[in-house]
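Enquirer: The structure's right below; bear with me while I get my questions together.
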Amino acid sequence: MMNSMEQEILQIEAYSRQFYEPQNALQQKEAEKALIHFAESQDVLQKCTVLLERGQSPYSIVLALNTLTKLCMKQPSLPLNQRIDIRNFILRFLYANPKQMPYVMQAATKLFATIVKFGWFDREKDDFMFRSVITDVMKFIEGSMEQSVVGIQLLTALVIEMCHPSGGDSARSMSLHMKTSSTFRENQLYDIYKLACSLLENAVKNGQGTFEAGARPFFRPETLPYFSSLLSLALACLNYDFIGTATDESDDANTVQIPVTWRTTFLDLDHLKLFFNLFAALPPNIGYLALGILIQLASVRRSLFNASERTKYLNTLISGVRDILENHFTNLEDPQCYHEFCRLLARLKASFQLSELMESDNYTSFIQEVAKFTVMSLQQLQFSHNSLHYILSLWQRLVASMPYVKSSQPHHLDTYAPEVSRAMIMAHLQMVSRVINDGMEDPIDDLGLLQQQLDQFAIIVRCEYEANCTFIVQLFERSARLYDDLLKKAGSAEKDVLIEEERLAWLVYFIGAAISGRVAYTASDETDGIDAQLICRVMRLMGYTDNKLNRRKSEKLELANMQFFEYFRKVYIGDQSPKGVYQVMKTELGIDDELVVMSIMIRKIVTNLKFWGDSDNVVTRSLQLLNDLSMGYSSIRRMVKLDEVQFLLKNHTSDNFPFLGTNSTLVDLKCRTAFYASLARLLSTELVEDEDKLEEFMRPIGAEFETLGRLMSNVGTPLFNEKEAKLAAIGIARDLRGICSSLLNRNAYVLFFEWIYPKYLAVCERVVEFWYSDPAVTNPMLKFMSELDQNRSQRIAFDISSPNNILLFKEICKIFTVYGTRILSLTDIPKTDLYPKKLKGIGVAMNMFFYALQGSYCNFGVFVLYGDRTLDEAFQVLLKLMTSLSHSDLLEYPKLGSAYYTLLHQIGLNHIDFLVSVEVPVFLYILDSITKGVNAIDNNMCNNSCSALDSLLTHLFRELQRRQKHPELATQDNRSSALVVYEGQPTRFQQILAGLLRVIMFDDGRNQWNYSRPLLVLIFLCDRHFQELQPRIVQSYPEDKRNQVAHCFTVLMEGVEKNLTNKTRDRFTQNLSVFRRELNETQKGMEAVNPMMDWIAMREELDKFWQRLNTEFVGAGGAFGSFVDFE
């Protein structure tokens, strides 16, 4: 008969199967609840052990392994003996059961690596308990082939875990992870790498493979997993973060910072040849790992070698790459091998200069083979498109280096680079027919990748530029003639027309890129003339297609035209732009200066906005071009006189531009902000001379307000069209936000405010009040209000006799109060919808209120003087909004947290009386949120939290001083909330003091200045506790370091008087820098004194002290246990 444990294990196995192989969603949800209950049970450790011993299902085994991994990551961690037992158990389990499903093996190796990493500094006496990994794994390697593979996978998982911060590291400080990683690198990583390489060499030598002359090398099939695991281990070692910068591995310009202690291995050229041989011998599905290793070997830092050693090293690399291209090209047919080989080529140029490549023994044949490989890759573009970036980056760097080469040796780039340019053009043109006819994925639609490749092409095409442009012109004219013939010919196949349209689009992109590659120091009148010939052809094509817009449109061609204009603007429009191009353009098209070109651009933008209202892409790109054109200081003053610009300023209605209508999509509505920002930028230059221009410009928006008012007058009746009213409100909000963001001078802003207040602001308030629960409506309106009260360039400056500054502030407060009161009524929102439906809007509203408080355009004392409750009501709503937010929400949603702490910082600066007059529970909530923010990862949140904490503590310190000076006023009734907490629960402030001290002593010091401000006040407020805390901290250090640590604390308060003048604060900040520097030196010297007692191990002893201290605070009534999050 089964006991209860066995029955529960059977149930867990059944739930595991239901969770991973559910029959329906309800069954999976029930299984998930049961598994969560299992993971949270008190005896979960024992149950996991039983599951691993007796489990029949791989799903239950994975569950047990993952649960144990999470247990080992928990803080406080499991007892040392339990973690040792788990480590030993998992090793025995894998040794006895080496044949596991891949996902089971992954979970098991992850558990092993996690235990070792989190216990790296655990020891008994002088023995580190988790550092014998190589010894443990050698038992596997000396066993069967399957056991060897498992042992190597354990090492691979450990190397990866040590290199990268894991999920469990969120409970540990980043600095501790870095120290663990660096200690592992210094003590074990090289041994692991040498072990992998020696095992590979032995496997080749001992008959597990053959490299006979004249025959293709091969390995026995049963050994392939062994080689795969060894290569993965070697690759993980070379991918290690050697200098602790946690760089992005996707950056192919990374240098591998190999330690100098590894130098002997890399001086042995046979080491490099080993991986070339392995790539040639292994099947492609494993050989790509050898290429990955070669990529890292090609990226080794320059300073590891002297000049002659580096030359030999490069010669070996070049010979190996050339050998692959000449003798093992078939291996590159595998997509993974091909991709890694392209990365290897790119890394070669990133790591070595062109002059170094030219001086290598096989450069001529190397560059010839690489050119052939590139052309072949481009001819098979449909298979190589994702890898093309790396090949093009090689040629881009090679061509860009040509002007700096001083060697007498030929570089041959003038021969091969034009071949690459032409092959790239032809490959994309030939691919079009397959895209249209066969439905292939079209690379022209991937705008990000397209932009990247065009930027690379822009450099490559400039090599032998005249010949390349002649080639482009021939292709362009041929395609343009064919396109014209197809449109004129009745009955032309639609596919044929589409093919020519897209080919022309590609050619326009290439022409634009070629123009953008102009470099001042290599350009000449001759090259500018070539550019002009290309430009004229594109502009003629543009005029041709615009004349047929009523009959035929091509979105891809229009997007290419917009990109072409963007390239042209960057190079040939501006005060310092070259003018030689206009000589040819005047002859060809009658265009004699950039003003005419700007006129053509604006005309094109107007045309696109009229005819392409149904295309989000074309409208967006056209508005982006308009925005860029309106940014130039001198060009905008010339542009505003153009007839096309005047047409825009006077006719911005939905009749002329359909995307402004209420039938537009939300994407179009977002474009409206950019559109009106550009128009307002143009308008503001005219307002200096004619103020009536603003009223004329705003007339269409006034009509939209009237329409919205009429629609909302039908609220509650069958005539109310809510959808149309919503779209109108969103459109107005986005339009006004765009306009207001560009009115940066006082005169323009005042005119705008006088236009909108009071008539139209009342409509805005009604919109927020009615649709408070719909973020699609209220968020744009709140963002407009944020823009309205944002005092950019001190633009909010009304006449001294004007009440508008007060009226503006009152309107902002009114809308904030209305929205805040109503949004708080929204409850029972699902967690997944909480941010978009509620929290995002609260964040926007807080930003709006922050700008009102921070703008310095309103004297807040007026409200107190005349008994106006507007500001008080807004503050009361703010308190309710603040306390409705959980602390986890503030940290989980960065935009919300940033808005919250920025507003709190501003209140602390100018409205601290309000902050300390709230009820005690509310004050405690705010204090708790501030302490959470002090430890936030985001710098902005941390800085604002420190500032708010400093303001609060400074007020408390001064309040205590006043009460000491005037005891007759020191009654119980006139105490601030801060003083009530200080006198009733002093441990709260003491705990904050201890937490800040610990952060400064052990974290990276990124916000040291900000931490110093509240720390000084805390030391004054908790003087006695600080004096008691110092010797306890000193005693927690090793005996031989205590005098140095005590001296550091003496330095900290040296010359610091008990006041909060700027002089005292600055002196303390300077002392704090010295304190931290000397303390770090003390800790760094720990390893030199006793190698078995490095500073991190010492720090863990200190952590235990801080944990005990935290426990004392909590026991004494502190409620901030989560603030001082010690490991």
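If you're wondering about the labels, chains in the structure tokens are A, B, ... by order shown, residues count from 1 in each chain, ligands from 1 in order shown.
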Where in range 555-736 of chain A does DSSP assign helix (DSSP H, G or I), given as number ranges by chain?

Expert: A: 555-572, 581-589, 594-611, 616-629, 633-639, 643-650, 658-660, 666-687, 692-712, 722-736

Enquirer: Which polymer residues have any atom within 10 Å of an atom of Glu919 in chain A, counting only C-alpha atoms, with same-chain residues fewer than 5 positions away left out, as a ChimeraX atom specification?

Expert: /A:924,976-978

Enquirer: Quick one, how far is CA of Leu392 in chain A from CA of Val461 in chain A?

Expert: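 Interatomic distance here is 11.2 Å.
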
Enquirer: Any idea what's packed within 6 Å of range 739-754 of chain A, counting only C-alpha atoms, ignoring anything in its chain fewer than 4 positions away? Could you give it as a list in words?

Expert: Tyr676, Ala677, Ala680, Arg681 and Arg795 of chain A

Enquirer: Using the selection just defined, write its residues with C-alpha atoms as a JSON list (two decimals), in the first residue's frame.

Expert:
[["chain", "number", "residue", "atom", "x", "y", "z"],
["A", 676, "TYR", "CA", 1.62, 70.20, -36.69],
["A", 677, "ALA", "CA", 4.96, 70.45, -34.90],
["A", 680, "ALA", "CA", 4.10, 75.48, -36.03],
["A", 681, "ARG", "CA", 7.88, 75.67, -36.37],
["A", 795, "ARG", "CA", 8.22, 80.86, -22.77]]

Enquirer: Between A:His652, A:Arg263, A:Arg1013, A:His328, single out the one closest to Arg302 in chain A, counting only C-alpha atoms.

Expert: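 With only C-alpha atoms as the atom set, the closest residue is A:Arg263.
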
Enquirer: Using only C-alpha atoms, find the one residue out of A:Asp455, A:Asn437, A:Asn663, A:Thr653 that sits nearest to Arg699 in chain A.

Expert: A:Thr653

Enquirer: For Val606 in chain A, please output as a ChimeraX atom specification all residues within 12 Å (counting only C-alpha atoms; exclusion window: fewer than 6 positions along the same chain).

Expert: /A:546,599-600,612-613,618-619,622-623,625-626,643-649,651-652,656-659,675

Enquirer: Would you export the selected residues with N, CA and C atoms as an mmCIF file, in the first residue's frame, please?

Expert:
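The resulting file, again.cif, is shown below:
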data_model
loop_
_atom_site.group_PDB
_atom_site.id
_atom_site.type_symbol
_atom_site.label_atom_id
_atom_site.label_comp_id
_atom_site.auth_asym_id
_atom_site.auth_seq_id
_atom_site.Cartn_x
_atom_site.Cartn_y
_atom_site.Cartn_z
ATOM 1 N N ASP A 546 4.380 61.218 -60.407
ATOM 2 C CA ASP A 546 3.396 62.112 -59.780
ATOM 3 C C ASP A 546 2.270 62.465 -60.751
ATOM 4 N N SER A 599 11.654 73.645 -52.508
ATOM 5 C CA SER A 599 10.306 73.839 -53.045
ATOM 6 C C SER A 599 9.778 72.542 -53.641
ATOM 7 N N ILE A 600 10.636 71.837 -54.378
ATOM 8 C CA ILE A 600 10.241 70.544 -54.960
ATOM 9 C C ILE A 600 9.931 69.541 -53.855
ATOM 10 N N TRP A 612 -1.715 59.955 -50.567
ATOM 11 C CA TRP A 612 -1.310 58.734 -49.879
ATOM 12 C C TRP A 612 -1.854 58.687 -48.454
ATOM 13 N N GLY A 613 -3.016 59.256 -48.231
ATOM 14 C CA GLY A 613 -3.601 59.231 -46.886
ATOM 15 C C GLY A 613 -3.890 57.838 -46.382
ATOM 16 N N VAL A 618 4.013 55.918 -46.092
ATOM 17 C CA VAL A 618 4.329 57.089 -46.914
ATOM 18 C C VAL A 618 4.059 58.376 -46.134
ATOM 19 N N VAL A 619 2.932 58.433 -45.422
ATOM 20 C CA VAL A 619 2.623 59.621 -44.634
ATOM 21 C C VAL A 619 3.690 59.847 -43.567
ATOM 22 N N SER A 622 6.981 61.015 -45.176
ATOM 23 C CA SER A 622 6.838 62.378 -45.703
ATOM 24 C C SER A 622 6.879 63.397 -44.574
ATOM 25 N N LEU A 623 6.196 63.090 -43.478
ATOM 26 C CA LEU A 623 6.201 64.008 -42.344
ATOM 27 C C LEU A 623 7.575 64.066 -41.680
ATOM 28 N N LEU A 625 10.392 63.853 -43.294
ATOM 29 C CA LEU A 625 11.168 64.752 -44.154
ATOM 30 C C LEU A 625 10.782 66.211 -43.898
ATOM 31 N N LEU A 626 9.485 66.488 -43.753
ATOM 32 C CA LEU A 626 9.038 67.845 -43.445
ATOM 33 C C LEU A 626 9.613 68.314 -42.117
ATOM 34 N N ASP A 643 5.723 79.322 -51.814
ATOM 35 C CA ASP A 643 4.270 79.201 -52.005
ATOM 36 C C ASP A 643 3.750 77.886 -51.441
ATOM 37 N N GLU A 644 4.552 76.815 -51.587
ATOM 38 C CA GLU A 644 4.117 75.506 -51.105
ATOM 39 C C GLU A 644 3.958 75.508 -49.583
ATOM 40 N N VAL A 645 4.867 76.193 -48.896
ATOM 41 C CA VAL A 645 4.775 76.265 -47.438
ATOM 42 C C VAL A 645 3.577 77.105 -47.028
ATOM 43 N N GLN A 646 3.347 78.199 -47.722
ATOM 44 C CA GLN A 646 2.186 79.031 -47.421
ATOM 45 C C GLN A 646 0.889 78.263 -47.644
ATOM 46 N N PHE A 647 0.887 77.417 -48.662
ATOM 47 C CA PHE A 647 -0.302 76.577 -48.889
ATOM 48 C C PHE A 647 -0.537 75.659 -47.696
ATOM 49 N N LEU A 648 0.543 75.058 -47.169
ATOM 50 C CA LEU A 648 0.407 74.186 -46.005
ATOM 51 C C LEU A 648 -0.135 74.956 -44.802
ATOM 52 N N LEU A 649 0.385 76.135 -44.571
ATOM 53 C CA LEU A 649 -0.013 76.904 -43.394
ATOM 54 C C LEU A 649 -1.454 77.383 -43.460
ATOM 55 N N ASN A 651 -3.988 75.789 -45.433
ATOM 56 C CA ASN A 651 -4.961 74.792 -45.911
ATOM 57 C C ASN A 651 -4.783 73.434 -45.250
ATOM 58 N N HIS A 652 -4.433 73.423 -43.988
ATOM 59 C CA HIS A 652 -4.227 72.148 -43.284
ATOM 60 C C HIS A 652 -5.563 71.611 -42.766
ATOM 61 N N ASN A 656 -8.039 68.808 -47.795
ATOM 62 C CA ASN A 656 -6.798 68.778 -48.567
ATOM 63 C C ASN A 656 -5.903 67.604 -48.187
ATOM 64 N N PHE A 657 -5.956 67.204 -46.918
ATOM 65 C CA PHE A 657 -5.094 66.125 -46.432
ATOM 66 C C PHE A 657 -5.968 65.094 -45.713
ATOM 67 N N PRO A 658 -6.322 64.027 -46.389
ATOM 68 C CA PRO A 658 -7.274 63.054 -45.825
ATOM 69 C C PRO A 658 -6.841 62.448 -44.495
ATOM 70 N N PHE A 659 -5.529 62.376 -44.237
ATOM 71 C CA PHE A 659 -5.101 61.732 -42.988
ATOM 72 C C PHE A 659 -5.487 62.566 -41.763
ATOM 73 N N PHE A 675 3.181 66.406 -37.808
ATOM 74 C CA PHE A 675 2.778 67.323 -38.874
ATOM 75 C C PHE A 675 2.620 68.742 -38.325
#

Enquirer: Using only C-alpha atoms, pick whichever of A:Ser801, A:Asn362, A:Ser229, A:Thr135 has the shortest atom-to-atom distance to Lys312 in chain A.

Expert: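 For Lys312 in chain A, the nearest of the candidates is A:Asn362.
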
Enquirer: Would you list the contacts of range 87-100 of chain A as JSON, numbers by chain, taking every protein, DNA or RNA residue within 8 Å and counting only C-alpha atoms, but skipping same-chain residues closer than 4 positions in sequence?

Expert: {"A": [52, 83, 104, 105, 108, 112, 115, 140, 146, 147, 150]}

Enquirer: How many Å lie between CA of Glu811 in chain A and CA of Cys764 in chain A, rounded to one decimal?

Expert: 10.1 Å

Enquirer: Mind giving me the straight-line distance from CA of Asp592 in chain A to CA of Glu566 in chain A in Å, one decimal?

Expert: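 CA of Asp592 in chain A sits 19.2 Å away from CA of Glu566 in chain A.
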
Enquirer: Out of A:Asn187, A:Arg637, A:Leu1060, A:Thr223, which residue has the shortest atom-to-atom distance to Ala203 in chain A when counting only C-alpha atoms?

Expert: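 Looking only at the distances to Ala203 in chain A, the closest residue turns out to be A:Thr223.
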